[in-house]
Amino acid sequence: MKDSGVKWIGQIPDSWSTIRFKDKYVNQKEIAGQKSVDYERLALTLNGVIKRAKDDSEGLQPKEFDGYQVIHENDFIFKMIDLQNISTSRVGLSPYVGLVSPAYIRFSPRIDNQYNKFVYYFLMSMYYNCVYNNLAGNGVRSALNATDMGQFVIPYPSIDIQRQIVNFIENKLTKIEDLIANQQVQIEKLKEYKQAVITEAVTKGLDKTAPMKDSAVEWIGNIPENWSVKPIKSLFSFGKGLPITKADLRPSGIKTISYGQVHAKYNKSAFIDEQLYRFVESRYLQTNADSLVKKGDFIFADTSEDIEGSGDFVYIDIDDLIFAGYHSLVLKSLSSSDNKYLAYLFMSSLWKRQLWREVYGIKVFSITRSLISKTTAILPPLDEQHQIADYLDKKCADIDNLIKIKQQKIEKLQEYKKSLIYEYVTGKKEVA
C-alpha cells in the first residue's frame, strides 16, 4: 500500500494511480433553448437520476424548460449548492438523455463510452462521508463550483479492476437493499397494526362482550351502549398560535411548540418531544394569553403539505408554561385536564377522515377552527377513557419499540453499505 496524498482516502494499493477528476471528465453546459420540447425532464434524487414529468408540480416548477440544460447518457451531474444540508442528493450518473436544472453541474467523459461506474461509486463515497461539505477545511462551504470539482483526487485502478470492484459492490448492494426493503415492509405492517389497535380501542372499547348501539354517525358505526357522541365544539374552546415568525424564536425563554413539533413530518409522535422545544421572550405573556396551553389541551398544525398530514397535532400532557407557536390552532379543554383518550382518538385515521373529506388544497391543505368545529368525538365514561389510554400507552410503546429495533437494523445496513463502498473504491479491501 502507498499514501494517496489525500487524508480522507488514506492508503491505496501500490498498483493503483490517482487522477484529478478533470483529467477524465470535462465540465460542459448545453442550454436546450427551443429544443427543450424534444427532451424528457430528468431529476437528481437520492436514488440516482430519474425521469420526471414536465407537469410535475412538486417543488420548484419552471414556466418553461428552454433555460434547462441537456445532459447525455453516461454524464455526471452534481448538485453542489446548500452544502450545509447533508441529507440531499449530490451526485448522479445519468442513464438517460434529457433536461436538468441549470443549477446542476455537468461533467462529460473525455472519451466516448468511457467506463464511469467506478468513479461514480467513489464520488458517492465522498457524499456518504460528507466530504463535499467539508472541503473548505475548518468551515463548511455553501457551494462548490466546477473548478473546485475538477480538482477532486480519485483513486484509479485499471479498468479491469474497476469492473471487478463495481460488480462486487453492486451484487452486495442488491442484497443489502433487499434486506432494507424487508425491514421497511415490516415497519409499515407494524404501523398499520398500531393504527388498527388504536382504532379498535377508541371506537369499540376493551370489553368485547359489551352491548352495542348505533352511534347514528356514519363514520363511527356501532359503539358500546354506555358511550356517547359529542361535537368537538362542546368539549373545547379555540385559540390560535403566536403570530410570530422563526426570527422571533430564541435559544431560551418561554417554551413554545411550533410547527416543527406539531407536524408528523418532523415529529412522529402526538406527544411532546422536549428536544423540539423552541422559545420566545416573556413579553408575549402580556398580550397573547389566547396562545398559552395547559394540560389537556391540543395544538393542531393549521396547514399541511399533504392531505394525510391534515389533523396532525400535539397533546399537552404536562403542567408547564407553554405557548402554541406559529401556524397552529389550539383546542382548549373546557372540563378535563386528562384528555389522553381523545389524543388516541385523534390519532386514528378513522377520526381524521372527517377532516380529510372537507379539507382542500393543492400545495397547502389548511385546517381551520370552523373545520374542526364540525367534527365529532366518541366519548366513553371517564373511567373507561383512563383504562383505554393506559392500555394504549403500553400497547403502542411495545409496537414502537419493535419499530425502533427495525429502524436501527436499517441504519446499521445503511452504514454497512457506506463502509463497503469506501473500503473497496479506495482499495482497503480486495475483491476475492
# chains A, B, ... in the order shown; residues from 1 in each chain; ligands from 1
>>> residues_around(residues="A:Asp38", least_positions_apart="4", cutoff="12 Å", atoms="only C-alpha atoms", output="list of chain:residue names")
A:Ala32, A:Gly33, A:Gln34, A:Lys54, A:Phe65, A:Asp66, A:Val70, A:Val97, A:Gly98, A:Leu99
>>> residues_around(residues="A:Leu276", least_positions_apart="2", cutoff="9 Å", atoms="only C-alpha atoms", output="ChimeraX atom specification")
/A:257-258,260-261,267,272-274,278
>>> select_by_dssp(residues="stretch 47-257 of chain A", states="strand (DSSP E or B)", output="MDAnalysis selection string")
chainID A and resid 48:51 69:71 76:78 81 91:93 98:100 105:109 136 139 143 153:156 212:214 222:224 228:231 236:240 250 254:257
>>> atom_distance(atom1="atom CA of A:Ile220", atom2="atom CA of A:Thr303")
25.4 Å
>>> residues_around(residues="A:Leu242", least_positions_apart="4", cutoff="8 Å", atoms="only C-alpha atoms", output="short mmCIF file (atom, residue, chain, number, x, y, z; two decimals) with N, CA, C and O atoms, in the first residue's frame")
data_model
loop_
_atom_site.label_atom_id
_atom_site.label_comp_id
_atom_site.auth_asym_id
_atom_site.auth_seq_id
_atom_site.Cartn_x
_atom_site.Cartn_y
_atom_site.Cartn_z
N ASN A 288 -50.66 37.70 24.69
CA ASN A 288 -51.03 36.52 23.92
C ASN A 288 -51.48 35.35 24.78
O ASN A 288 -51.13 34.20 24.57
N SER A 291 -52.83 32.17 23.29
CA SER A 291 -51.91 31.20 22.69
C SER A 291 -51.25 30.29 23.72
O SER A 291 -50.49 29.39 23.36
N PHE A 323 -46.38 28.00 25.14
CA PHE A 323 -47.10 28.68 24.07
C PHE A 323 -47.30 27.74 22.89
O PHE A 323 -46.45 26.91 22.59
N ALA A 324 -48.44 27.90 22.22
CA ALA A 324 -48.59 27.34 20.88
C ALA A 324 -47.91 28.29 19.92
O ALA A 324 -48.12 29.50 20.00
N GLY A 325 -47.09 27.78 19.03
CA GLY A 325 -46.33 28.63 18.14
C GLY A 325 -47.07 28.94 16.85
O GLY A 325 -48.26 28.67 16.69
N TYR A 326 -46.33 29.52 15.90
CA TYR A 326 -46.90 29.95 14.63
C TYR A 326 -47.46 28.74 13.87
O TYR A 326 -47.05 27.61 14.05
#
>>> residues_around(residues="A:Ser333", least_positions_apart="3", cutoff="8 Å", atoms="only C-alpha atoms", output="PyMOL selection string")
chain A and resi 235-237+296-297+336-337
>>> write_last_selection(atoms="N, CA and C atoms", output="PDB file, in the first residue's frame")
ATOM      1  N   LEU A 235     -66.697  20.445  23.639  1.00  0.00           N
ATOM      2  CA  LEU A 235     -65.650  19.982  24.543  1.00  0.00           C
ATOM      3  C   LEU A 235     -64.491  20.965  24.652  1.00  0.00           C
ATOM      4  N   PHE A 236     -64.345  21.851  23.650  1.00  0.00           N
ATOM      5  CA  PHE A 236     -63.189  22.735  23.599  1.00  0.00           C
ATOM      6  C   PHE A 236     -63.590  24.143  23.165  1.00  0.00           C
ATOM      7  N   SER A 237     -62.837  25.111  23.658  1.00  0.00           N
ATOM      8  CA  SER A 237     -62.838  26.437  23.039  1.00  0.00           C
ATOM      9  C   SER A 237     -61.605  26.490  22.141  1.00  0.00           C
ATOM     10  N   GLY A 296     -54.075  18.931  29.009  1.00  0.00           N
ATOM     11  CA  GLY A 296     -55.395  18.563  28.495  1.00  0.00           C
ATOM     12  C   GLY A 296     -55.747  19.259  27.195  1.00  0.00           C
ATOM     13  N   ASP A 297     -54.951  20.272  26.787  1.00  0.00           N
ATOM     14  CA  ASP A 297     -55.196  20.989  25.534  1.00  0.00           C
ATOM     15  C   ASP A 297     -54.509  20.285  24.360  1.00  0.00           C
ATOM     16  N   SER A 336     -61.787  18.902  31.342  1.00  0.00           N
ATOM     17  CA  SER A 336     -60.871  17.901  31.886  1.00  0.00           C
ATOM     18  C   SER A 336     -59.428  18.266  31.596  1.00  0.00           C
ATOM     19  N   SER A 337     -58.552  17.909  32.537  1.00  0.00           N
ATOM     20  CA  SER A 337     -57.117  18.099  32.302  1.00  0.00           C
ATOM     21  C   SER A 337     -56.472  16.805  31.814  1.00  0.00           C
TER      22      SER A 337
END
>>> atom_distance(atom1="atom CA of A:Tyr315", atom2="atom CA of A:Ser335")
15.5 Å
>>> select_by_dssp(residues="stretch 191-242 of chain A", states="helix (DSSP H, G or I)", output="JSON, numbers by chain")
{"A": [191, 192, 193, 194, 195, 196, 197, 198, 199, 200, 201, 202, 203, 204, 232, 233, 234]}
>>> write_last_selection(atoms="N, CA and C atoms", output="short mmCIF file (atom, residue, chain, number, x, y, z; two decimals), in the first residue's frame")
data_model
loop_
_atom_site.label_atom_id
_atom_site.label_comp_id
_atom_site.auth_asym_id
_atom_site.auth_seq_id
_atom_site.Cartn_x
_atom_site.Cartn_y
_atom_site.Cartn_z
N LYS A 191 -46.86 -0.35 11.73
CA LYS A 191 -47.60 0.91 11.79
C LYS A 191 -49.09 0.69 11.52
N GLU A 192 -49.38 -0.16 10.55
CA GLU A 192 -50.78 -0.49 10.26
C GLU A 192 -51.43 -1.19 11.44
N TYR A 193 -50.67 -2.09 12.07
CA TYR A 193 -51.18 -2.81 13.24
C TYR A 193 -51.45 -1.84 14.39
N LYS A 194 -50.51 -0.90 14.60
CA LYS A 194 -50.70 0.10 15.65
C LYS A 194 -51.96 0.91 15.40
N GLN A 195 -52.16 1.34 14.14
CA GLN A 195 -53.35 2.10 13.81
C GLN A 195 -54.62 1.29 14.06
N ALA A 196 -54.58 -0.01 13.74
CA ALA A 196 -55.74 -0.88 13.95
C ALA A 196 -56.02 -1.05 15.44
N VAL A 197 -54.97 -1.21 16.25
CA VAL A 197 -55.13 -1.35 17.70
C VAL A 197 -55.77 -0.10 18.29
N ILE A 198 -55.27 1.08 17.88
CA ILE A 198 -55.82 2.34 18.38
C ILE A 198 -57.28 2.48 17.98
N THR A 199 -57.57 2.25 16.71
CA THR A 199 -58.93 2.43 16.20
C THR A 199 -59.91 1.50 16.92
N GLU A 200 -59.52 0.26 17.10
CA GLU A 200 -60.40 -0.71 17.78
C GLU A 200 -60.68 -0.26 19.21
N ALA A 201 -59.63 0.20 19.92
CA ALA A 201 -59.81 0.56 21.33
C ALA A 201 -60.65 1.82 21.50
N VAL A 202 -60.45 2.83 20.64
CA VAL A 202 -61.16 4.10 20.84
C VAL A 202 -62.57 4.10 20.25
N THR A 203 -62.92 3.07 19.48
CA THR A 203 -64.28 3.02 18.92
C THR A 203 -65.12 1.89 19.49
N LYS A 204 -64.47 0.82 19.98
CA LYS A 204 -65.22 -0.34 20.49
C LYS A 204 -64.95 -0.63 21.95
N ILE A 232 -67.10 18.33 18.80
CA ILE A 232 -65.86 18.85 19.37
C ILE A 232 -66.05 20.23 19.98
N LYS A 233 -66.91 21.05 19.37
CA LYS A 233 -67.09 22.42 19.88
C LYS A 233 -67.73 22.45 21.25
N SER A 234 -68.35 21.33 21.71
CA SER A 234 -68.91 21.29 23.06
C SER A 234 -67.87 20.89 24.10
#
>>> atom_distance(atom1="atom CA of A:Leu379", atom2="atom CA of A:Gly311")
18.9 Å
>>> residues_around(residues="A:Asp56", least_positions_apart="4", cutoff="12 Å", atoms="only C-alpha atoms", output="list in words")
Arg41, Leu42, Ala43, Lys51, Arg52, Leu60, Gln61, Pro62, Lys63 and Lys363 of chain A
>>> closest_residue(among="A:Ala432, A:Ile421, A:Ile307, A:Val131", to="A:Val119", atoms="only C-alpha atoms")
A:Ile421
>>> decode(residues="stretch 272-288 of chain A", atoms="all heavy atoms", output="short mmCIF file (atom, residue, chain, number, x, y, z; two decimals), in the first residue's frame")
data_model
loop_
_atom_site.label_atom_id
_atom_site.label_comp_id
_atom_site.auth_asym_id
_atom_site.auth_seq_id
_atom_site.Cartn_x
_atom_site.Cartn_y
_atom_site.Cartn_z
N ILE A 272 -45.52 15.26 23.43
CA ILE A 272 -44.46 16.27 23.45
C ILE A 272 -43.08 15.64 23.43
O ILE A 272 -42.78 14.74 24.20
CB ILE A 272 -44.61 17.17 24.69
CG1 ILE A 272 -45.85 18.07 24.55
CG2 ILE A 272 -43.37 18.04 24.87
CD1 ILE A 272 -46.15 18.89 25.77
N ASP A 273 -42.26 16.13 22.53
CA ASP A 273 -40.84 15.78 22.48
C ASP A 273 -40.07 17.03 22.90
O ASP A 273 -39.98 18.00 22.15
CB ASP A 273 -40.45 15.35 21.06
CG ASP A 273 -38.97 15.00 20.96
OD1 ASP A 273 -38.23 15.22 21.94
OD2 ASP A 273 -38.56 14.53 19.89
N GLU A 274 -39.53 17.02 24.12
CA GLU A 274 -38.90 18.22 24.66
C GLU A 274 -37.68 18.65 23.87
O GLU A 274 -37.26 19.80 23.94
CB GLU A 274 -38.54 17.99 26.14
CG GLU A 274 -39.77 17.79 27.02
CD GLU A 274 -39.45 17.89 28.50
OE1 GLU A 274 -38.38 18.42 28.82
OE2 GLU A 274 -40.28 17.45 29.30
N GLN A 275 -37.10 17.73 23.09
CA GLN A 275 -35.94 18.10 22.28
C GLN A 275 -36.32 19.09 21.17
O GLN A 275 -35.47 19.77 20.62
CB GLN A 275 -35.32 16.85 21.65
CG GLN A 275 -34.69 15.92 22.68
CD GLN A 275 -34.07 14.71 22.03
OE1 GLN A 275 -34.39 14.35 20.89
NE2 GLN A 275 -33.18 14.06 22.75
N LEU A 276 -37.61 19.15 20.85
CA LEU A 276 -38.06 20.03 19.78
C LEU A 276 -38.55 21.39 20.27
O LEU A 276 -39.01 22.20 19.47
CB LEU A 276 -39.18 19.34 18.98
CG LEU A 276 -38.77 18.10 18.18
CD1 LEU A 276 -39.98 17.51 17.48
CD2 LEU A 276 -37.70 18.43 17.15
N TYR A 277 -38.50 21.61 21.58
CA TYR A 277 -38.94 22.91 22.10
C TYR A 277 -38.16 24.05 21.47
O TYR A 277 -36.96 23.99 21.28
CB TYR A 277 -38.72 22.99 23.61
CG TYR A 277 -39.81 22.40 24.46
CD1 TYR A 277 -39.50 21.67 25.60
CD2 TYR A 277 -41.16 22.59 24.15
CE1 TYR A 277 -40.48 21.13 26.41
CE2 TYR A 277 -42.14 22.05 24.95
CZ TYR A 277 -41.81 21.32 26.08
OH TYR A 277 -42.79 20.80 26.87
N ARG A 278 -38.88 25.12 21.16
CA ARG A 278 -38.26 26.40 20.84
C ARG A 278 -38.73 27.38 21.93
O ARG A 278 -39.54 27.04 22.78
CB ARG A 278 -38.69 26.88 19.45
CG ARG A 278 -38.41 25.88 18.35
CD ARG A 278 -36.91 25.59 18.19
NE ARG A 278 -36.16 26.73 17.74
CZ ARG A 278 -35.98 27.05 16.47
NH1 ARG A 278 -36.51 26.30 15.51
NH2 ARG A 278 -35.27 28.12 16.13
N PHE A 279 -38.24 28.62 21.89
CA PHE A 279 -38.55 29.56 22.97
C PHE A 279 -38.83 30.95 22.41
O PHE A 279 -38.34 31.31 21.33
CB PHE A 279 -37.36 29.62 23.95
CG PHE A 279 -37.01 28.30 24.57
CD1 PHE A 279 -36.08 27.47 23.97
CD2 PHE A 279 -37.61 27.88 25.74
CE1 PHE A 279 -35.75 26.24 24.52
CE2 PHE A 279 -37.28 26.66 26.32
CZ PHE A 279 -36.35 25.84 25.70
N VAL A 280 -39.62 31.71 23.18
CA VAL A 280 -39.86 33.11 22.86
C VAL A 280 -39.66 33.94 24.12
O VAL A 280 -39.63 33.41 25.24
CB VAL A 280 -41.29 33.35 22.31
CG1 VAL A 280 -41.49 32.66 20.98
CG2 VAL A 280 -42.35 32.91 23.32
N GLU A 281 -39.57 35.24 23.94
CA GLU A 281 -39.37 36.14 25.07
C GLU A 281 -40.62 36.21 25.95
O GLU A 281 -41.75 36.04 25.47
CB GLU A 281 -39.01 37.54 24.56
CG GLU A 281 -37.70 37.59 23.79
CD GLU A 281 -37.48 38.94 23.14
OE1 GLU A 281 -38.35 39.82 23.28
OE2 GLU A 281 -36.44 39.11 22.48
N SER A 282 -40.43 36.50 27.23
CA SER A 282 -41.54 36.52 28.20
C SER A 282 -42.53 37.64 27.93
O SER A 282 -43.67 37.60 28.42
CB SER A 282 -40.99 36.65 29.62
OG SER A 282 -40.22 37.82 29.75
N ARG A 283 -42.16 38.66 27.13
CA ARG A 283 -43.07 39.77 26.86
C ARG A 283 -44.36 39.30 26.17
O ARG A 283 -45.39 39.96 26.25
CB ARG A 283 -42.39 40.83 26.01
CG ARG A 283 -41.94 40.36 24.63
CD ARG A 283 -41.14 41.45 23.90
NE ARG A 283 -40.57 41.01 22.64
CZ ARG A 283 -41.22 41.03 21.49
NH1 ARG A 283 -42.47 41.51 21.44
NH2 ARG A 283 -40.64 40.61 20.39
N TYR A 284 -44.32 38.14 25.49
CA TYR A 284 -45.52 37.64 24.82
C TYR A 284 -46.61 37.23 25.81
O TYR A 284 -47.78 37.11 25.44
CB TYR A 284 -45.17 36.46 23.91
CG TYR A 284 -44.40 36.86 22.67
CD1 TYR A 284 -43.02 36.70 22.62
CD2 TYR A 284 -45.05 37.40 21.57
CE1 TYR A 284 -42.30 37.07 21.50
CE2 TYR A 284 -44.34 37.78 20.44
CZ TYR A 284 -42.96 37.61 20.41
OH TYR A 284 -42.26 37.99 19.30
N LEU A 285 -46.25 37.03 27.09
CA LEU A 285 -47.24 36.65 28.10
C LEU A 285 -48.28 37.75 28.31
O LEU A 285 -49.43 37.46 28.66
CB LEU A 285 -46.54 36.35 29.43
CG LEU A 285 -45.73 35.05 29.50
CD1 LEU A 285 -44.91 35.02 30.79
CD2 LEU A 285 -46.66 33.85 29.44
N GLN A 286 -47.90 38.99 28.09
CA GLN A 286 -48.79 40.11 28.38
C GLN A 286 -49.92 40.25 27.36
O GLN A 286 -51.00 40.72 27.69
CB GLN A 286 -47.97 41.41 28.43
CG GLN A 286 -46.86 41.39 29.48
CD GLN A 286 -45.94 42.60 29.36
OE1 GLN A 286 -46.20 43.52 28.60
NE2 GLN A 286 -44.86 42.60 30.13
N THR A 287 -49.68 39.84 26.15
CA THR A 287 -50.65 40.12 25.08
C THR A 287 -51.15 38.89 24.33
O THR A 287 -51.99 39.02 23.45
CB THR A 287 -50.02 41.08 24.05
OG1 THR A 287 -48.80 40.51 23.57
CG2 THR A 287 -49.75 42.43 24.68
N ASN A 288 -50.66 37.70 24.69
CA ASN A 288 -51.03 36.52 23.92
C ASN A 288 -51.48 35.35 24.78
O ASN A 288 -51.13 34.20 24.57
CB ASN A 288 -49.84 36.08 23.05
CG ASN A 288 -49.52 37.07 21.95
OD1 ASN A 288 -50.10 37.04 20.89
ND2 ASN A 288 -48.57 37.96 22.25
#
